[in-house]
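See below for structure33.cif, which holds mmCIF, C-alpha atoms.
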data_upload
loop_
_atom_site.group_PDB
_atom_site.id
_atom_site.type_symbol
_atom_site.label_atom_id
_atom_site.label_comp_id
_atom_site.auth_asym_id
_atom_site.auth_seq_id
_atom_site.Cartn_x
_atom_site.Cartn_y
_atom_site.Cartn_z
ATOM 1 C CA TYR A 1 0.000 0.000 0.000
ATOM 2 C CA LEU A 2 2.907 2.400 0.555
ATOM 3 C CA LYS A 3 3.832 2.354 -3.116
ATOM 4 C CA ASP A 4 0.204 2.529 -4.299
ATOM 5 C CA GLU A 5 -0.451 6.117 -5.456
ATOM 6 C CA THR A 6 -4.222 5.622 -5.145
ATOM 7 C CA VAL A 7 -3.917 5.101 -1.381
ATOM 8 C CA ILE A 8 -3.913 8.501 0.305
ATOM 9 C CA ASP A 9 -3.904 7.520 3.968
ATOM 10 C CA ILE A 10 -4.987 4.753 6.286
ATOM 11 C CA THR A 11 -7.791 5.754 8.615
ATOM 12 C CA VAL A 12 -8.917 4.099 11.827
ATOM 13 C CA GLU A 13 -12.440 5.189 12.758
ATOM 14 C CA ASP A 14 -12.425 4.766 16.532
ATOM 15 C CA PRO A 15 -8.990 3.595 17.660
ATOM 16 C CA SER A 16 -8.528 2.101 21.115
ATOM 17 C CA ASP A 17 -5.994 3.631 23.496
ATOM 18 C CA ASN A 18 -3.629 0.721 22.869
ATOM 19 C CA PHE A 19 -3.879 1.225 19.128
ATOM 20 C CA VAL A 20 -3.143 4.962 19.515
ATOM 21 C CA ARG A 21 -0.034 4.164 21.585
ATOM 22 C CA LEU A 22 1.175 1.626 19.020
ATOM 23 C CA ARG A 23 0.479 3.924 16.068
ATOM 24 C CA ASP A 24 2.296 6.827 17.738
ATOM 25 C CA TYR A 25 5.305 4.596 18.408
ATOM 26 C CA VAL A 26 5.479 3.199 14.856
ATOM 27 C CA ASP A 27 4.812 6.554 13.186
ATOM 28 C CA THR A 28 7.402 8.306 15.358
ATOM 29 C CA ARG A 29 10.056 5.733 14.479
ATOM 30 C CA ASN A 30 9.234 6.051 10.785
ATOM 31 C CA CYS A 31 8.991 9.859 10.723
ATOM 32 C CA LEU A 32 12.350 10.212 12.479
ATOM 33 C CA LYS A 33 13.828 8.785 9.252
ATOM 34 C CA LEU A 34 12.221 11.471 7.062
ATOM 35 C CA ALA A 35 14.143 14.621 6.141
ATOM 36 C CA ALA A 36 11.044 16.750 6.818
ATOM 37 C CA TYR A 37 11.265 15.687 10.481
ATOM 38 C CA ASP A 38 14.963 16.511 10.963
ATOM 39 C CA LYS A 39 15.718 18.525 14.088
ATOM 40 C CA SER A 40 16.424 21.685 12.094
ATOM 41 C CA GLU A 41 12.997 21.441 10.427
ATOM 42 C CA VAL A 42 11.043 20.403 13.509
ATOM 43 C CA MET A 43 12.375 23.267 15.615
ATOM 44 C CA LYS A 44 10.997 25.744 13.039
ATOM 45 C CA GLY A 45 7.437 24.537 13.703
ATOM 46 C CA PHE A 46 4.936 22.294 11.934
ATOM 47 C CA SER A 47 5.072 22.699 8.165
ATOM 48 C CA GLU A 48 3.189 21.715 5.053
ATOM 49 C CA GLN A 49 6.295 19.769 4.004
ATOM 50 C CA MET A 50 5.901 17.510 7.043
ATOM 51 C CA THR A 51 2.285 16.854 6.106
ATOM 52 C CA LYS A 52 3.188 16.072 2.484
ATOM 53 C CA SER A 53 6.166 13.893 3.363
ATOM 54 C CA ALA A 54 4.250 11.862 5.970
ATOM 55 C CA ALA A 55 1.310 11.431 3.586
ATOM 56 C CA LYS A 56 3.389 10.511 0.549
ATOM 57 C CA ASP A 57 5.945 8.239 2.207
ATOM 58 C CA LEU A 58 3.965 6.731 5.085
ATOM 59 C CA LYS A 59 0.263 7.314 4.257
ATOM 60 C CA ILE A 60 -0.220 9.332 7.443
ATOM 61 C CA CYS A 61 -3.023 11.925 7.575
ATOM 62 C CA LYS A 62 -2.373 15.563 8.495
ATOM 63 C CA LYS A 63 -3.767 15.216 12.037
ATOM 64 C CA GLN A 64 -1.455 12.288 12.818
ATOM 65 C CA ALA A 65 1.498 14.025 11.114
ATOM 66 C CA ARG A 66 0.946 16.983 13.449
ATOM 67 C CA ARG A 67 0.793 14.664 16.465
ATOM 68 C CA ILE A 68 4.060 12.983 15.457
ATOM 69 C CA TYR A 69 5.639 16.403 14.898
ATOM 70 C CA GLU A 70 4.753 17.262 18.516
ATOM 71 C CA ILE A 71 6.325 14.021 19.765
ATOM 72 C CA ILE A 72 9.500 14.555 17.736
ATOM 73 C CA ARG A 73 9.678 18.220 18.728
ATOM 74 C CA LEU A 74 9.527 17.168 22.388
ATOM 75 C CA HIS A 75 12.379 14.754 21.622
ATOM 76 C CA HIS A 76 14.499 17.634 20.299
ATOM 77 C CA THR A 77 13.434 20.165 22.955
ATOM 78 C CA SER A 78 15.759 20.676 25.882
ATOM 79 C CA LEU A 79 13.557 20.574 28.976
ATOM 80 C CA SER A 80 16.266 22.432 30.899
ATOM 81 C CA ASN A 81 16.099 25.326 28.392
ATOM 82 C CA LYS A 82 13.104 27.250 29.755
ATOM 83 C CA GLN A 83 12.559 29.313 26.588
ATOM 84 C CA GLU A 84 12.746 26.310 24.257
ATOM 85 C CA TYR A 85 10.336 24.324 26.428
ATOM 86 C CA LYS A 86 7.958 27.299 26.722
ATOM 87 C CA GLU A 87 7.864 27.630 22.909
ATOM 88 C CA TYR A 88 7.103 23.911 22.611
ATOM 89 C CA LYS A 89 4.350 24.107 25.206
ATOM 90 C CA LEU A 90 2.733 27.130 23.523
ATOM 91 C CA ASP A 91 2.881 25.392 20.137
ATOM 92 C CA VAL A 92 0.999 22.349 21.453
ATOM 93 C CA LYS A 93 -1.477 24.412 23.461
ATOM 94 C CA LYS A 94 -2.234 26.538 20.414
ATOM 95 C CA ARG A 95 -3.402 23.384 18.624
ATOM 96 C CA LEU A 96 -5.349 22.185 21.649
ATOM 97 C CA ASN A 97 -7.093 25.563 21.858
ATOM 98 C CA ILE A 98 -8.456 25.532 18.284
ATOM 99 C CA PRO A 99 -11.877 24.052 19.219
ATOM 100 C CA TYR A 100 -12.291 26.730 21.895
ATOM 101 C CA GLN A 101 -11.468 29.492 19.397
ATOM 102 C CA LYS A 102 -14.121 28.129 17.025
ATOM 103 C CA GLU A 103 -16.604 28.066 19.903
ATOM 104 C CA GLN A 104 -15.795 31.705 20.720
ATOM 105 C CA SER A 105 -16.345 32.688 17.099
ATOM 106 C CA GLN A 106 -19.731 30.966 17.085
ATOM 107 C CA LEU A 107 -20.695 32.633 20.373
ATOM 108 C CA THR A 108 -19.873 36.056 18.940
ATOM 109 C CA LYS A 109 -22.193 35.359 15.998
ATOM 110 C CA LEU A 110 -24.867 34.039 18.351
ATOM 111 C CA GLN A 111 -24.653 37.124 20.554
ATOM 112 C CA LYS A 112 -25.486 39.323 17.572
ATOM 113 C CA LEU A 113 -28.608 37.268 16.792
ATOM 114 C CA LEU A 114 -30.084 36.751 20.256
ATOM 115 C CA LYS A 115 -31.616 39.065 22.825
ATOM 116 C CA PRO A 116 -29.413 39.605 25.911
ATOM 117 C CA GLN A 117 -31.485 37.303 28.161
ATOM 118 C CA GLU A 118 -31.578 34.557 25.473
ATOM 119 C CA PHE A 119 -27.816 34.815 25.055
ATOM 120 C CA ALA A 120 -27.294 34.650 28.841
ATOM 121 C CA ALA A 121 -29.408 31.468 28.961
ATOM 122 C CA ALA A 122 -27.336 29.953 26.112
ATOM 123 C CA MET A 123 -24.109 30.758 27.994
ATOM 124 C CA VAL A 124 -24.993 28.693 31.088
ATOM 125 C CA ASN A 125 -23.001 25.589 30.037
ATOM 126 C CA ILE A 126 -20.107 27.395 28.349
ATOM 127 C CA THR A 127 -16.709 27.188 30.053
ATOM 128 C CA ASN A 128 -15.149 30.457 31.176
ATOM 129 C CA LYS A 129 -11.582 31.501 30.448
ATOM 130 C CA GLU A 130 -10.166 30.203 33.751
ATOM 131 C CA GLN A 131 -11.824 26.809 33.277
ATOM 132 C CA ARG A 132 -10.581 26.645 29.701
ATOM 133 C CA LEU A 133 -6.994 27.443 30.716
ATOM 134 C CA GLU A 134 -7.194 24.784 33.417
ATOM 135 C CA MET A 135 -8.519 22.256 30.892
ATOM 136 C CA LEU A 136 -5.760 23.187 28.432
ATOM 137 C CA GLU A 137 -3.089 22.647 31.071
ATOM 138 C CA LYS A 138 -4.584 19.259 31.997
ATOM 139 C CA GLN A 139 -4.778 18.197 28.324
ATOM 140 C CA PHE A 140 -1.205 19.303 27.737
ATOM 141 C CA THR A 141 0.093 17.428 30.792
ATOM 142 C CA GLU A 142 -1.671 14.216 29.725
ATOM 143 C CA LEU A 143 -0.334 14.536 26.161
ATOM 144 C CA GLU A 144 3.181 15.276 27.350
ATOM 145 C CA THR A 145 3.140 12.189 29.583
ATOM 146 C CA HIS A 146 1.999 10.066 26.640
ATOM 147 C CA TYR A 147 4.580 11.630 24.300
ATOM 148 C CA LYS A 148 7.376 10.958 26.791
ATOM 149 C CA SER A 149 6.355 7.301 27.080
ATOM 150 C CA VAL A 150 6.392 6.997 23.271
ATOM 151 C CA LEU A 151 9.876 8.540 23.165
ATOM 152 C CA GLU A 152 11.118 6.166 25.879
ATOM 153 C CA LYS A 153 9.916 3.191 23.815
ATOM 154 C CA VAL A 154 11.498 4.591 20.637
ATOM 155 C CA ALA A 155 14.808 5.112 22.471
ATOM 156 C CA ALA A 156 14.691 1.574 23.836
ATOM 157 C CA ALA A 157 14.052 0.028 20.411
#
Starting from the file, lay out its structure as structure tokens.
Amino acid sequence: YLKDETVIDITVEDPSDNFVRLRDYVDTRNCLKLAAYDKSEVMKGFSEQMTKSAAKDLKICKKQARRIYEIIRLHHTSLSNKQEYKEYKLDVKKRLNIPYQKEQSQLTKLQKLLKPQEFAAAMVNITNKEQRLEMLEKQFTELETHYKSVLEKVAAA
């Protein structure tokens, strides 16, 4: 399937946690061999070239290519270098925050259409900024723990 030009990517509809761990491990090992994922490229940030290279050579979709980029960037990030680690953390959190930004955009549109009391009623179940930042930090910590375990397995292989 890798050589078949008609195959674009391989999708798994609802992967189990074990499958996700295995896929991350295998994809990380394979992407580390690609020029698009060299340290010099990875430290510049996620690029279209990474997406194209992962798709063409390994049949990996853009979402998974981004995930592997984050794992490999953590590999190349010095945790003792506060600035480097902060840049990494912000890069990952920016991706994690995308759904919230879309929600905010929709709320702005909704506010223009509804009366103030209708809008207030619609806002009851919406997370506030503090809650969102707390959720982002929790998501990041969980991801980082997973990414580190993937990197430990790759190093041990």
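Of note, atom CA of Leu96 of chain A and atom CA of Ala157 of chain A are spaced 29.5 Å apart.
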At most 12 Å is the cut-off: for each residue in segment 3-76 of chain A with any atom that close to an atom of segment 87-94 of chain A, write down the nearest atom pair and the distance in Å rounded to one decimal, counting all atoms listed in the file, chain first then increasing number, as a tab-separated table.
residue	atom	partner	partner_atom	distance
A:Val42	CA	A:Tyr88	CA	10.5
A:Met43	CA	A:Tyr88	CA	8.8
A:Lys44	CA	A:Tyr88	CA	10.5
A:Gly45	CA	A:Asp91	CA	7.9
A:Phe46	CA	A:Asp91	CA	9.0
A:Arg66	CA	A:Val92	CA	9.6
A:Arg67	CA	A:Val92	CA	9.2
A:Ile68	CA	A:Val92	CA	11.5
A:Tyr69	CA	A:Val92	CA	10.0
A:Glu70	CA	A:Val92	CA	7.0
A:Ile71	CA	A:Val92	CA	10.0
A:Ile72	CA	A:Tyr88	CA	10.8
A:Arg73	CA	A:Tyr88	CA	7.4
A:Leu74	CA	A:Tyr88	CA	7.2
A:His75	CA	A:Tyr88	CA	10.6
A:His76	CA	A:Tyr88	CA	10.0
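The two atoms in question, atom CA of Leu136 of chain A and atom CA of Ser105 of chain A, are spaced 18.2 Å apart.
The smallest atom-to-atom distance between Asn18 of chain A and any of A:Glu5, A:Val150, A:Leu79, A:Ala156, using all atoms listed in the file, is found for A:Val150.
Here the question is which of A:Lys86, A:Arg95, A:Arg23, A:Lys33 gets nearest to Ile60 of chain A using only C-alpha atoms, and that residue is A:Arg23.
Those residues returned by the PyMOL selection byres ((chain A and resi 7-11) around 10) for this file are A:Tyr1, A:Leu2, A:Lys3, A:Asp4, A:Glu5, A:Thr6, A:Val12, A:Glu13, A:Asp14, A:Pro15, A:Ala54, A:Ala55, A:Lys56, A:Leu58, A:Lys59, A:Ile60, A:Cys61, A:Lys62.
Rounded to one decimal, atom CA of Thr51 of chain A and atom CA of Ala65 of chain A lie 5.8 Å from each other.
Distance check against Asp57 of chain A using only C-alpha atoms: of A:Ser78, A:Leu34, A:Asn97, A:Glu41, the minimum falls on A:Leu34.
Among the candidates A:Thr108, A:Gln139, A:Ser53, A:Asn128, the one nearest to Ala36 of chain A when counting all atoms listed in the file is A:Ser53.
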Quick one: 5 Å padding each side, axis-aligned, all listed atoms of segment 101-114 of chain A - centre and edge lengths in Å to one decimal, as JSON?
{"center_x": -20.8, "center_y": 33.7, "center_z": 18.4, "size_x": 28.6, "size_y": 21.3, "size_z": 14.7}
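Closest to Lys148 of chain A among A:Phe19, A:Tyr25, A:Lys52, A:Phe119 is A:Tyr25, based on only C-alpha atoms.
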Taking N, CA, C and O atoms as the atom set, what does segment 113-138 of chain A look like once completed, written as a short mmCIF file (atom, residue, chain, number, x, y, z; two decimals), in the coordinates of the input?
data_model
loop_
_atom_site.label_atom_id
_atom_site.label_comp_id
_atom_site.auth_asym_id
_atom_site.auth_seq_id
_atom_site.Cartn_x
_atom_site.Cartn_y
_atom_site.Cartn_z
N LEU A 113 -27.28 37.70 17.22
CA LEU A 113 -28.61 37.27 16.79
C LEU A 113 -29.63 37.19 17.92
O LEU A 113 -30.83 37.32 17.67
N LEU A 114 -29.17 36.96 19.14
CA LEU A 114 -30.08 36.75 20.26
C LEU A 114 -30.27 38.00 21.11
O LEU A 114 -29.40 38.87 21.16
N LYS A 115 -31.39 38.02 21.83
CA LYS A 115 -31.62 39.06 22.82
C LYS A 115 -30.70 38.78 24.01
O LYS A 115 -30.32 37.63 24.24
N PRO A 116 -30.35 39.81 24.79
CA PRO A 116 -29.41 39.60 25.91
C PRO A 116 -29.81 38.47 26.86
O PRO A 116 -28.96 37.68 27.27
N GLN A 117 -31.08 38.36 27.23
CA GLN A 117 -31.48 37.30 28.16
C GLN A 117 -31.42 35.92 27.50
O GLN A 117 -31.09 34.93 28.15
N GLU A 118 -31.69 35.84 26.19
CA GLU A 118 -31.58 34.56 25.47
C GLU A 118 -30.10 34.13 25.40
O GLU A 118 -29.78 32.96 25.57
N PHE A 119 -29.25 35.10 25.13
CA PHE A 119 -27.82 34.82 25.06
C PHE A 119 -27.29 34.36 26.42
O PHE A 119 -26.51 33.41 26.51
N ALA A 120 -27.72 35.02 27.48
CA ALA A 120 -27.29 34.65 28.84
C ALA A 120 -27.72 33.21 29.15
O ALA A 120 -26.96 32.44 29.74
N ALA A 121 -28.92 32.83 28.73
CA ALA A 121 -29.41 31.47 28.96
C ALA A 121 -28.58 30.46 28.16
O ALA A 121 -28.29 29.36 28.64
N ALA A 122 -28.15 30.84 26.96
CA ALA A 122 -27.34 29.95 26.11
C ALA A 122 -25.92 29.80 26.68
O ALA A 122 -25.25 28.80 26.42
N MET A 123 -25.47 30.76 27.46
CA MET A 123 -24.11 30.76 27.99
C MET A 123 -23.94 29.93 29.27
O MET A 123 -22.83 29.75 29.75
N VAL A 124 -25.03 29.40 29.80
CA VAL A 124 -24.99 28.69 31.09
C VAL A 124 -23.97 27.56 31.11
O VAL A 124 -23.21 27.41 32.06
N ASN A 125 -23.89 26.76 30.06
CA ASN A 125 -23.00 25.59 30.04
C ASN A 125 -21.66 25.83 29.35
O ASN A 125 -20.90 24.90 29.12
N ILE A 126 -21.35 27.07 29.03
CA ILE A 126 -20.11 27.40 28.35
C ILE A 126 -19.00 27.61 29.38
O ILE A 126 -19.20 28.28 30.39
N THR A 127 -17.82 27.04 29.11
CA THR A 127 -16.71 27.19 30.05
C THR A 127 -16.14 28.60 29.99
O THR A 127 -16.04 29.19 28.91
N ASN A 128 -15.76 29.13 31.15
CA ASN A 128 -15.15 30.46 31.18
C ASN A 128 -13.65 30.34 30.90
O ASN A 128 -13.11 29.24 30.79
N LYS A 129 -13.00 31.48 30.82
CA LYS A 129 -11.58 31.50 30.45
C LYS A 129 -10.71 30.73 31.44
O LYS A 129 -9.82 29.97 31.04
N GLU A 130 -10.97 30.90 32.73
CA GLU A 130 -10.17 30.20 33.75
C GLU A 130 -10.32 28.69 33.63
O GLU A 130 -9.34 27.94 33.72
N GLN A 131 -11.57 28.24 33.44
CA GLN A 131 -11.82 26.81 33.28
C GLN A 131 -11.13 26.28 32.03
O GLN A 131 -10.56 25.19 32.03
N ARG A 132 -11.19 27.06 30.97
CA ARG A 132 -10.58 26.64 29.70
C ARG A 132 -9.07 26.53 29.85
O ARG A 132 -8.46 25.57 29.36
N LEU A 133 -8.44 27.50 30.51
CA LEU A 133 -6.99 27.44 30.72
C LEU A 133 -6.61 26.24 31.57
O LEU A 133 -5.60 25.58 31.32
N GLU A 134 -7.43 25.95 32.56
CA GLU A 134 -7.19 24.78 33.42
C GLU A 134 -7.32 23.49 32.60
O GLU A 134 -6.49 22.58 32.73
N MET A 135 -8.33 23.44 31.75
CA MET A 135 -8.52 22.26 30.89
C MET A 135 -7.36 22.11 29.92
O MET A 135 -6.88 20.99 29.68
N LEU A 136 -6.90 23.22 29.35
CA LEU A 136 -5.76 23.19 28.43
C LEU A 136 -4.51 22.65 29.12
O LEU A 136 -3.80 21.83 28.54
N GLU A 137 -4.26 23.11 30.33
CA GLU A 137 -3.09 22.65 31.07
C GLU A 137 -3.18 21.15 31.35
O GLU A 137 -2.20 20.42 31.20
N LYS A 138 -4.37 20.68 31.72
CA LYS A 138 -4.58 19.26 32.00
C LYS A 138 -4.38 18.43 30.72
O LYS A 138 -3.69 17.41 30.73
#
